[in-house]
Number of protein chains: 2
Amino acid sequence: MPDLHTVLRSTAGTTREVVLGHDKPFTIIGERINPTGRKLFQEQLRAGDLSAIERDVGAQVAGGADVLDVNMGVPLTDEPELLAKAIRLVQSRTDLPICIDSSVVEALEAGLDAYQGRALVNSITAEDERMELILPLVKRYDAAVIALPNDADEIPMGADKRIELVGKIVDVATGTYGIALEDILIDPLAMPIGADTQVVNTALETILRIKHTWGLNMTLGASNVSFGMPGRHVLGATFLPMAMTAGLTSAIMDARNPQIVESVKAADLLLGHDDWGMAWIAAHRAKQAAEAG
Amino acid sequence: MPDLHTVLRSTAGTTREVVLGHDKPFTIIGERINPTGRKLFQEQLRAGDLSAIERDVGAQVAGGADVLDVNMGVPLTDEPELLAKAIRLVQSRTDLPICIDSSVVEALEAGLDAYQGRALVNSITAEDERMELILPLVKRYDAAVIALPNDADEIPMGADKRIELVGKIVDVATGTYGIALEDILIDPLAMPIGADTQVVNTALETILRIKHTWGLNMTLGASNVSFGMPGRHVLGATFLPMAMTAGLTSAIMDARNPQIVESVKAADLLLGHDDWGMAWIAAHRAKQAAEAG
């Protein structure tokens, strides 16, 4: 199977391209610019204060993010306007590509309209209505899209059903909307291990089967897995290399956490995606220099 | 394929059993009782001072070892006598089973003779002469054995050749010497990533194929992988969960390193080998109590 390459691009300042692929280093999508569970940030956004976003950009760029997720889902705000504003702000501060994250179609459209470059849209499901509303936007703005293999509000607990829904998404996106296979990123669905100790096995099986059936790129919300458990950083730093071994090519994750980012870089090296170990050795030298200085 | 269970046992004091299997938590074999690269330890052993062994037992038991490797390969000593003595000493200090480690057949025999329980013998290769010399001992003492799929002095760099040699080992060990399939542990051969960035991919492919072809248990020297690279602990803590995802069921490793041991325990939880996360949560509580106290 040929390697599918998803190309994301930012063209607001210097053009910057990020390429996802099974033969490429892992793509770290910073999850931080998201008001969910951040009360103070929500209040600031409601008051029109976007300064926290600038700090979040800086911390995630410093931590090693390749792409930044931007979600402005704050109740009682004009989400399309806020998301467009946030995207312009982020693009004025960094040339990393953006993952435009909303459940509101109008907000996705406003975000795509404001964004300069080739964006990633987060997300569709296998529901006909979501695909009908969002996939034409993805096509019109020449974006890539994250698709979750769930139907209605139910998340399938088995890999078979997820694979069936991926098949449906691929057929509709490519057949009906003319979206290229390489622009579809599947989220194999990583659920909290604390709820059921088989959920990671199911995610790993789903990842393996998607890789072998379509060779698609994939991403998932890595922090979900450790939700409710102690030792969350260790669980995150352990889970990602396991998922990368199965075929995960990116994750929406805490790019500010050195332990988790370092484990991803180590897995890149071990999987042969860091020629001569140059990136690993350079990062180690920089760390030593920082500790000495 | 039914799960093959390798049973190791110590019967010197309280009987203690360790079971390796693809449906079991990972088995940590402590690597520390080995004079290779430990100059002071070599001198002490030559002078008949075995006190360092007692410290090594304590540190590895505290760190979370399930089995202890014992190697007494010191030049200019009577290795069979020294190994037998070391094994009796270790068994007087802990009820963990032992992995008897020597390249000298007479030392393996003396070790097996001194050991009380069901040992693991480290190791044979696919060479006829090594199998002829060691497998009858494994059978006579009802032990399990680690087998390396290499021929003469050459280590095959591809998975195909390794799988072919595993086939030969399995045929000879079961067919000629009547050793049960579950008592053969294959070392899939983990080489230093610094020498060639494809070696871990080769090891992972070998592990997957051994699991799917025979369902055999496996072990390897985990510290090899990071040899010569900076950030060795992170590489070790990253590599083992990856290898466990492919099907590795144990490793000879640094059981005194909390970061590496914790990553193995995290991977046990994520792979569904820690029911309800009880072991993970208990370990976290113990750590918190230790930090508070």
# chains A, B, ... in the order shown; residues from 1 in each chain; ligands from 1

call {"tool": "interface_residues", "arguments": {"of": "chain B", "to": "chain A", "cutoff": "10 Å", "atoms": "only C-alpha atoms", "output": "JSON list (two decimals) with N, CA, C and O atoms, in the first residue's frame"}}
result
[["chain", "number", "residue", "atom", "x", "y", "z"],
["B", 192, "PRO", "N", 21.19, -2.51, 19.21],
["B", 192, "PRO", "CA", 21.25, -1.07, 19.50],
["B", 192, "PRO", "C", 20.70, -0.21, 18.35],
["B", 192, "PRO", "O", 21.13, -0.34, 17.21],
["B", 193, "ILE", "N", 19.77, 0.67, 18.68],
["B", 193, "ILE", "CA", 19.15, 1.56, 17.70],
["B", 193, "ILE", "C", 20.19, 2.53, 17.13],
["B", 193, "ILE", "O", 20.05, 3.00, 15.99],
["B", 194, "GLY", "N", 21.22, 2.80, 17.90],
["B", 194, "GLY", "CA", 22.26, 3.73, 17.45],
["B", 194, "GLY", "C", 23.05, 3.20, 16.27],
["B", 194, "GLY", "O", 23.63, 3.96, 15.50],
["B", 195, "ALA", "N", 23.05, 1.87, 16.10],
["B", 195, "ALA", "CA", 23.82, 1.27, 15.01],
["B", 195, "ALA", "C", 23.03, 1.26, 13.70],
["B", 195, "ALA", "O", 23.60, 1.30, 12.62],
["B", 196, "ASP", "N", 21.69, 1.19, 13.83],
["B", 196, "ASP", "CA", 20.84, 1.02, 12.65],
["B", 196, "ASP", "C", 19.40, 1.30, 13.09],
["B", 196, "ASP", "O", 18.87, 0.59, 13.95],
["B", 197, "THR", "N", 18.76, 2.32, 12.51],
["B", 197, "THR", "CA", 17.43, 2.72, 13.00],
["B", 197, "THR", "C", 16.32, 1.76, 12.58],
["B", 197, "THR", "O", 15.16, 1.98, 12.92],
["B", 198, "GLN", "N", 16.65, 0.67, 11.88],
["B", 198, "GLN", "CA", 15.62, -0.33, 11.54],
["B", 198, "GLN", "C", 15.60, -1.51, 12.50],
["B", 198, "GLN", "O", 14.73, -2.39, 12.38],
["B", 199, "VAL", "N", 16.54, -1.57, 13.46],
["B", 199, "VAL", "CA", 16.63, -2.78, 14.29],
["B", 199, "VAL", "C", 15.40, -3.02, 15.16],
["B", 199, "VAL", "O", 15.03, -4.17, 15.41],
["B", 200, "VAL", "N", 14.77, -1.96, 15.62],
["B", 200, "VAL", "CA", 13.58, -2.15, 16.46],
["B", 200, "VAL", "C", 12.40, -2.61, 15.60],
["B", 200, "VAL", "O", 11.64, -3.50, 16.00],
["B", 201, "ASN", "N", 12.27, -2.06, 14.40],
["B", 201, "ASN", "CA", 11.22, -2.56, 13.49],
["B", 201, "ASN", "C", 11.41, -4.05, 13.22],
["B", 201, "ASN", "O", 10.44, -4.81, 13.19],
["B", 202, "THR", "N", 12.65, -4.48, 13.04],
["B", 202, "THR", "CA", 12.92, -5.90, 12.82],
["B", 202, "THR", "C", 12.53, -6.72, 14.05],
["B", 202, "THR", "O", 11.90, -7.78, 13.94],
["B", 204, "LEU", "N", 10.32, -5.90, 16.35],
["B", 204, "LEU", "CA", 8.85, -5.88, 16.49],
["B", 204, "LEU", "C", 8.20, -6.85, 15.51],
["B", 204, "LEU", "O", 7.27, -7.58, 15.87],
["B", 225, "VAL", "N", 18.95, -1.97, 23.47],
["B", 225, "VAL", "CA", 18.36, -1.08, 22.47],
["B", 225, "VAL", "C", 18.93, 0.33, 22.55],
["B", 225, "VAL", "O", 19.19, 0.97, 21.53],
["B", 226, "SER", "N", 19.11, 0.82, 23.77],
["B", 226, "SER", "CA", 19.54, 2.21, 23.96],
["B", 226, "SER", "C", 21.05, 2.37, 24.04],
["B", 226, "SER", "O", 21.55, 3.48, 24.21],
["B", 229, "MET", "N", 23.32, 5.52, 23.12],
["B", 229, "MET", "CA", 22.49, 6.70, 22.86],
["B", 229, "MET", "C", 22.29, 7.51, 24.13],
["B", 229, "MET", "O", 22.29, 6.96, 25.23],
["B", 230, "PRO", "N", 22.06, 8.83, 24.01],
["B", 230, "PRO", "CA", 21.66, 9.59, 25.19],
["B", 230, "PRO", "C", 20.20, 9.27, 25.54],
["B", 230, "PRO", "O", 19.48, 8.71, 24.72],
["B", 231, "GLY", "N", 19.80, 9.63, 26.76],
["B", 231, "GLY", "CA", 18.41, 9.43, 27.18],
["B", 231, "GLY", "C", 18.04, 7.97, 27.25],
["B", 231, "GLY", "O", 16.93, 7.58, 26.85],
["B", 232, "ARG", "N", 18.94, 7.14, 27.79],
["B", 232, "ARG", "CA", 18.70, 5.69, 27.78],
["B", 232, "ARG", "C", 17.45, 5.27, 28.53],
["B", 232, "ARG", "O", 16.75, 4.34, 28.12],
["B", 234, "VAL", "N", 14.64, 6.92, 29.02],
["B", 234, "VAL", "CA", 13.43, 7.23, 28.24],
["B", 234, "VAL", "C", 13.29, 6.22, 27.09],
["B", 234, "VAL", "O", 12.19, 5.72, 26.83],
["B", 235, "LEU", "N", 14.40, 5.91, 26.44],
["B", 235, "LEU", "CA", 14.33, 4.93, 25.34],
["B", 235, "LEU", "C", 13.87, 3.57, 25.86],
["B", 235, "LEU", "O", 13.04, 2.90, 25.23],
["B", 236, "GLY", "N", 14.37, 3.17, 27.02],
["B", 236, "GLY", "CA", 13.95, 1.89, 27.61],
["B", 236, "GLY", "C", 12.48, 1.91, 27.98],
["B", 236, "GLY", "O", 11.74, 0.95, 27.72],
["B", 237, "ALA", "N", 12.05, 3.02, 28.59],
["B", 237, "ALA", "CA", 10.65, 3.15, 29.03],
["B", 237, "ALA", "C", 9.71, 3.25, 27.83],
["B", 237, "ALA", "O", 8.51, 2.98, 27.95],
["B", 238, "THR", "N", 10.23, 3.63, 26.68],
["B", 238, "THR", "CA", 9.40, 3.74, 25.47],
["B", 238, "THR", "C", 9.40, 2.42, 24.71],
["B", 238, "THR", "O", 8.37, 1.97, 24.22],
["B", 239, "PHE", "N", 10.57, 1.81, 24.63],
["B", 239, "PHE", "CA", 10.70, 0.57, 23.85],
["B", 239, "PHE", "C", 9.85, -0.57, 24.41],
["B", 239, "PHE", "O", 9.17, -1.28, 23.66],
["B", 240, "LEU", "N", 9.88, -0.77, 25.72],
["B", 240, "LEU", "CA", 9.19, -1.95, 26.27],
["B", 240, "LEU", "C", 7.68, -1.95, 26.02],
["B", 240, "LEU", "O", 7.15, -2.97, 25.57],
["B", 241, "PRO", "N", 6.96, -0.83, 26.24],
["B", 241, "PRO", "CA", 5.53, -0.84, 25.89],
["B", 241, "PRO", "C", 5.28, -1.13, 24.40],
["B", 241, "PRO", "O", 4.30, -1.78, 24.04],
["B", 242, "MET", "N", 6.19, -0.66, 23.53],
["B", 242, "MET", "CA", 6.05, -0.94, 22.10],
["B", 242, "MET", "C", 6.20, -2.45, 21.85],
["B", 242, "MET", "O", 5.41, -3.05, 21.12],
["B", 243, "ALA", "N", 7.22, -3.05, 22.46],
["B", 243, "ALA", "CA", 7.46, -4.48, 22.26],
["B", 243, "ALA", "C", 6.34, -5.31, 22.90],
["B", 243, "ALA", "O", 5.94, -6.35, 22.37],
["B", 244, "MET", "N", 5.80, -4.83, 24.02],
["B", 244, "MET", "CA", 4.68, -5.52, 24.66],
["B", 244, "MET", "C", 3.44, -5.48, 23.77],
["B", 244, "MET", "O", 2.67, -6.44, 23.71],
["B", 245, "THR", "N", 3.25, -4.38, 23.07],
["B", 245, "THR", "CA", 2.13, -4.25, 22.13],
["B", 245, "THR", "C", 2.25, -5.29, 21.02],
["B", 245, "THR", "O", 1.25, -5.87, 20.58],
["B", 246, "ALA", "N", 3.48, -5.56, 20.59],
["B", 246, "ALA", "CA", 3.70, -6.56, 19.54],
["B", 246, "ALA", "C", 3.55, -7.98, 20.08],
["B", 246, "ALA", "O", 3.19, -8.89, 19.33],
["B", 259, "GLN", "N", 11.42, 4.49, 36.40],
["B", 259, "GLN", "CA", 10.77, 4.97, 35.18],
["B", 259, "GLN", "C", 10.45, 3.82, 34.23],
["B", 259, "GLN", "O", 9.35, 3.75, 33.65],
["B", 262, "GLU", "N", 7.80, 1.46, 35.83],
["B", 262, "GLU", "CA", 6.49, 2.10, 35.80],
["B", 262, "GLU", "C", 5.86, 2.03, 34.39],
["B", 262, "GLU", "O", 4.66, 1.85, 34.25],
["B", 263, "SER", "N", 6.69, 2.19, 33.37],
["B", 263, "SER", "CA", 6.15, 2.14, 32.01],
["B", 263, "SER", "C", 5.65, 0.72, 31.68],
["B", 263, "SER", "O", 4.66, 0.56, 30.97],
["B", 264, "VAL", "N", 6.32, -0.29, 32.21],
["B", 264, "VAL", "CA", 5.86, -1.67, 32.01],
["B", 264, "VAL", "C", 4.52, -1.88, 32.72],
["B", 264, "VAL", "O", 3.59, -2.49, 32.16],
["B", 265, "LYS", "N", 4.40, -1.34, 33.92],
["B", 265, "LYS", "CA", 3.14, -1.50, 34.68],
["B", 265, "LYS", "C", 2.00, -0.74, 33.99],
["B", 265, "LYS", "O", 0.85, -1.20, 33.97],
["B", 266, "ALA", "N", 2.34, 0.43, 33.42],
["B", 266, "ALA", "CA", 1.34, 1.20, 32.68],
["B", 266, "ALA", "C", 0.88, 0.41, 31.45],
["B", 266, "ALA", "O", -0.32, 0.35, 31.14],
["B", 267, "ALA", "N", 1.83, -0.21, 30.76],
["B", 267, "ALA", "CA", 1.48, -0.99, 29.56],
["B", 267, "ALA", "C", 0.65, -2.22, 29.95],
["B", 267, "ALA", "O", -0.27, -2.60, 29.22],
["B", 268, "ASP", "N", 0.95, -2.84, 31.10],
["B", 268, "ASP", "CA", 0.10, -3.94, 31.58],
["B", 268, "ASP", "C", -1.34, -3.48, 31.72],
["B", 268, "ASP", "O", -2.27, -4.17, 31.28],
["B", 269, "LEU", "N", -1.51, -2.32, 32.35],
["B", 269, "LEU", "CA", -2.87, -1.77, 32.52],
["B", 269, "LEU", "C", -3.53, -1.52, 31.16],
["B", 269, "LEU", "O", -4.67, -1.94, 30.91],
["B", 270, "LEU", "N", -2.79, -0.87, 30.26],
["B", 270, "LEU", "CA", -3.37, -0.48, 28.97],
["B", 270, "LEU", "C", -3.69, -1.69, 28.09],
["B", 270, "LEU", "O", -4.60, -1.65, 27.27],
["B", 271, "LEU", "N", -2.93, -2.79, 28.28],
["B", 271, "LEU", "CA", -3.18, -4.00, 27.48],
["B", 271, "LEU", "C", -4.23, -4.91, 28.12],
["B", 271, "LEU", "O", -4.47, -6.02, 27.65],
["B", 272, "GLY", "N", -4.82, -4.45, 29.21],
["B", 272, "GLY", "CA", -5.88, -5.25, 29.84],
["B", 272, "GLY", "C", -5.37, -6.37, 30.72],
["B", 272, "GLY", "O", -6.08, -7.35, 30.97],
["B", 273, "HIS", "N", -4.13, -6.24, 31.23],
["B", 273, "HIS", "CA", -3.56, -7.28, 32.09],
["B", 273, "HIS", "C", -3.50, -6.85, 33.56],
["B", 273, "HIS", "O", -2.69, -7.38, 34.33],
["B", 274, "ASP", "N", -4.30, -5.87, 33.90],
["B", 274, "ASP", "CA", -4.34, -5.40, 35.29],
["B", 274, "ASP", "C", -5.81, -5.11, 35.58],
["B", 274, "ASP", "O", -6.29, -4.00, 35.38],
["B", 275, "ASP", "N", -6.52, -6.15, 36.04],
["B", 275, "ASP", "CA", -7.98, -6.05, 36.20],
["B", 275, "ASP", "C", -8.38, -4.89, 37.10],
["B", 275, "ASP", "O", -7.85, -4.73, 38.20],
["B", 276, "TRP", "N", -9.30, -4.08, 36.59],
["B", 276, "TRP", "CA", -9.81, -2.92, 37.31],
["B", 276, "TRP", "C", -8.72, -1.89, 37.58],
["B", 276, "TRP", "O", -8.94, -0.94, 38.33],
["B", 277, "GLY", "N", -7.51, -2.07, 37.04],
["B", 277, "GLY", "CA", -6.41, -1.16, 37.34],
["B", 277, "GLY", "C", -5.97, -1.23, 38.79],
["B", 277, "GLY", "O", -5.34, -0.30, 39.30],
["B", 280, "TRP", "N", -2.16, -0.90, 39.34],
["B", 280, "TRP", "CA", -1.73, 0.46, 39.01],
["B", 280, "TRP", "C", -2.11, 1.45, 40.12],
["B", 280, "TRP", "O", -1.30, 2.26, 40.56],
["B", 281, "ILE", "N", -3.35, 1.36, 40.57],
["B", 281, "ILE", "CA", -3.83, 2.29, 41.60],
["B", 281, "ILE", "C", -3.10, 2.02, 42.92],
["B", 281, "ILE", "O", -2.68, 2.96, 43.61],
["B", 282, "ALA", "N", -2.90, 0.74, 43.26],
["B", 282, "ALA", "CA", -2.20, 0.41, 44.51],
["B", 282, "ALA", "C", -0.77, 0.93, 44.48],
["B", 282, "ALA", "O", -0.27, 1.48, 45.47],
["B", 283, "ALA", "N", -0.10, 0.79, 43.33],
["B", 283, "ALA", "CA", 1.28, 1.27, 43.21],
["B", 283, "ALA", "C", 1.34, 2.78, 43.36],
["B", 283, "ALA", "O", 2.25, 3.34, 43.99],
["B", 284, "HIS", "N", 0.33, 3.45, 42.79],
["B", 284, "HIS", "CA", 0.29, 4.92, 42.89],
["B", 284, "HIS", "C", 0.08, 5.36, 44.34],
["B", 284, "HIS", "O", 0.73, 6.29, 44.82],
["B", 285, "ARG", "N", -0.79, 4.65, 45.05],
["B", 285, "ARG", "CA", -1.02, 4.97, 46.46],
["B", 285, "ARG", "C", 0.23, 4.75, 47.28],
["B", 285, "ARG", "O", 0.58, 5.55, 48.16]]

call {"tool": "residues_around", "arguments": {"residues": "B:Glu164", "least_positions_apart": "5", "cutoff": "9 Å", "atoms": "only C-alpha atoms", "output": "PDB file with C-alpha atoms, in the first residue's frame"}}
result
ATOM      1  CA  PRO B 149      17.554 -17.371  16.824  1.00  0.00           C
ATOM      2  CA  ALA B 159      13.043 -11.199  10.513  1.00  0.00           C
ATOM      3  CA  ILE B 169      14.871 -24.511  17.535  1.00  0.00           C
TER       4      ILE B 169
END

call {"tool": "select_by_dssp", "arguments": {"residues": "stretch 29-202 of chain A", "states": "alpha helix (DSSP H)", "output": "PyMOL selection string"}}
result
chain A and resi 39-46+51-63+79-93+105-114+128-140+159-170+199-202

call {"tool": "residues_around", "arguments": {"residues": "B:Glu109", "least_positions_apart": "2", "cutoff": "12 Å", "atoms": "only C-alpha atoms", "output": "ChimeraX atom specification"}}
result
/B:79-81,83-84,100-107,111-115,119,121-122,133-141,143

call {"tool": "select_by_dssp", "arguments": {"residues": "stretch 227-275 of chain A", "states": "strand (DSSP E or B)", "output": "number ranges by chain"}}
result
A: 250-253

call {"tool": "closest_residue", "arguments": {"among": "B:Glu154, B:Asp95, B:Asp254, B:Glu291", "to": "B:Gly64", "atoms": "only C-alpha atoms"}}
result
B:Asp254

call {"tool": "atom_distance", "arguments": {"atom1": "atom CA of A:Gly21", "atom2": "atom CA of A:Leu4"}}
result
6.0 Å

call {"tool": "atom_distance", "arguments": {"atom1": "atom CA of B:Thr36", "atom2": "atom CA of B:Ile124"}}
result
18.9 Å

call {"tool": "residues_around", "arguments": {"residues": "A:Arg32", "least_positions_apart": "4", "cutoff": "12 Å", "atoms": "only C-alpha atoms", "output": "PyMOL selection string"}}
result
chain A and resi 28+36-38+41+52-61+63+65+67-72+99+101+221+223+252-257

call {"tool": "residues_around", "arguments": {"residues": "A:Leu220", "least_positions_apart": "6", "cutoff": "7 Å", "atoms": "only C-alpha atoms", "output": "count of residues only"}}
result
6

call {"tool": "residues_around", "arguments": {"residues": "B:Leu181", "least_positions_apart": "6", "cutoff": "9 Å", "atoms": "only C-alpha atoms", "output": "MDAnalysis selection string"}}
result
chainID B and resid 4 6 170 173:174 214 216

call {"tool": "write_last_selection", "arguments": {"atoms": "N, CA, C and O atoms", "output": "PDB file, in the first residue's frame"}}
result
ATOM      1  N   LEU B   4       0.186 -20.095  25.723  1.00  0.00           N
ATOM      2  CA  LEU B   4       1.221 -20.938  26.316  1.00  0.00           C
ATOM      3  C   LEU B   4       1.691 -20.289  27.614  1.00  0.00           C
ATOM      4  O   LEU B   4       2.031 -19.110  27.628  1.00  0.00           O
ATOM      5  N   THR B   6       4.477 -20.361  30.597  1.00  0.00           N
ATOM      6  CA  THR B   6       5.757 -20.843  31.114  1.00  0.00           C
ATOM      7  C   THR B   6       5.739 -20.677  32.627  1.00  0.00           C
ATOM      8  O   THR B   6       5.587 -19.558  33.119  1.00  0.00           O
ATOM      9  N   VAL B 170      12.467 -24.826  17.668  1.00  0.00           N
ATOM     10  CA  VAL B 170      11.237 -25.452  18.159  1.00  0.00           C
ATOM     11  C   VAL B 170      11.210 -26.933  17.763  1.00  0.00           C
ATOM     12  O   VAL B 170      10.909 -27.806  18.586  1.00  0.00           O
ATOM     13  N   ALA B 173      14.008 -28.823  19.827  1.00  0.00           N
ATOM     14  CA  ALA B 173      13.747 -28.853  21.276  1.00  0.00           C
ATOM     15  C   ALA B 173      12.552 -29.756  21.598  1.00  0.00           C
ATOM     16  O   ALA B 173      12.616 -30.567  22.534  1.00  0.00           O
ATOM     17  N   THR B 174      11.478 -29.634  20.821  1.00  0.00           N
ATOM     18  CA  THR B 174      10.298 -30.457  21.114  1.00  0.00           C
ATOM     19  C   THR B 174      10.474 -31.867  20.554  1.00  0.00           C
ATOM     20  O   THR B 174      10.205 -32.841  21.239  1.00  0.00           O
ATOM     21  N   TRP B 214       3.540 -19.339  16.688  1.00  0.00           N
ATOM     22  CA  TRP B 214       3.632 -20.366  17.730  1.00  0.00           C
ATOM     23  C   TRP B 214       2.954 -19.986  19.044  1.00  0.00           C
ATOM     24  O   TRP B 214       2.709 -20.840  19.874  1.00  0.00           O
ATOM     25  N   LEU B 216       4.514 -18.508  21.348  1.00  0.00           N
ATOM     26  CA  LEU B 216       5.562 -18.702  22.362  1.00  0.00           C
ATOM     27  C   LEU B 216       5.749 -17.463  23.239  1.00  0.00           C
ATOM     28  O   LEU B 216       5.515 -16.338  22.810  1.00  0.00           O
TER      29      LEU B 216
END

call {"tool": "atom_distance", "arguments": {"atom1": "atom CA of B:Gly30", "atom2": "atom CA of B:Asp142"}}
result
21.9 Å

call {"tool": "residues_around", "arguments": {"residues": "A:His5", "least_positions_apart": "5", "cutoff": "7 Å", "atoms": "only C-alpha atoms", "output": "ChimeraX atom specification"}}
result
/A:19-21,182

call {"tool": "write_last_selection", "arguments": {"atoms": "N, CA and C atoms", "output": "compact mmCIF listing (two decimals), in the first residue's frame"}}
result
# COMPACT_ATOMS: atom_id res chain seq x y z
N VAL A 19 3.52 17.38 7.16
CA VAL A 19 3.05 16.22 6.40
C VAL A 19 2.86 15.04 7.34
N LEU A 20 1.66 14.50 7.38
CA LEU A 20 1.39 13.31 8.18
C LEU A 20 1.55 12.08 7.28
N GLY A 21 2.13 11.01 7.84
CA GLY A 21 2.27 9.79 7.06
C GLY A 21 2.82 8.66 7.91
N GLU A 182 -6.14 10.76 1.10
CA GLU A 182 -5.09 11.24 2.01
C GLU A 182 -5.53 12.42 2.86
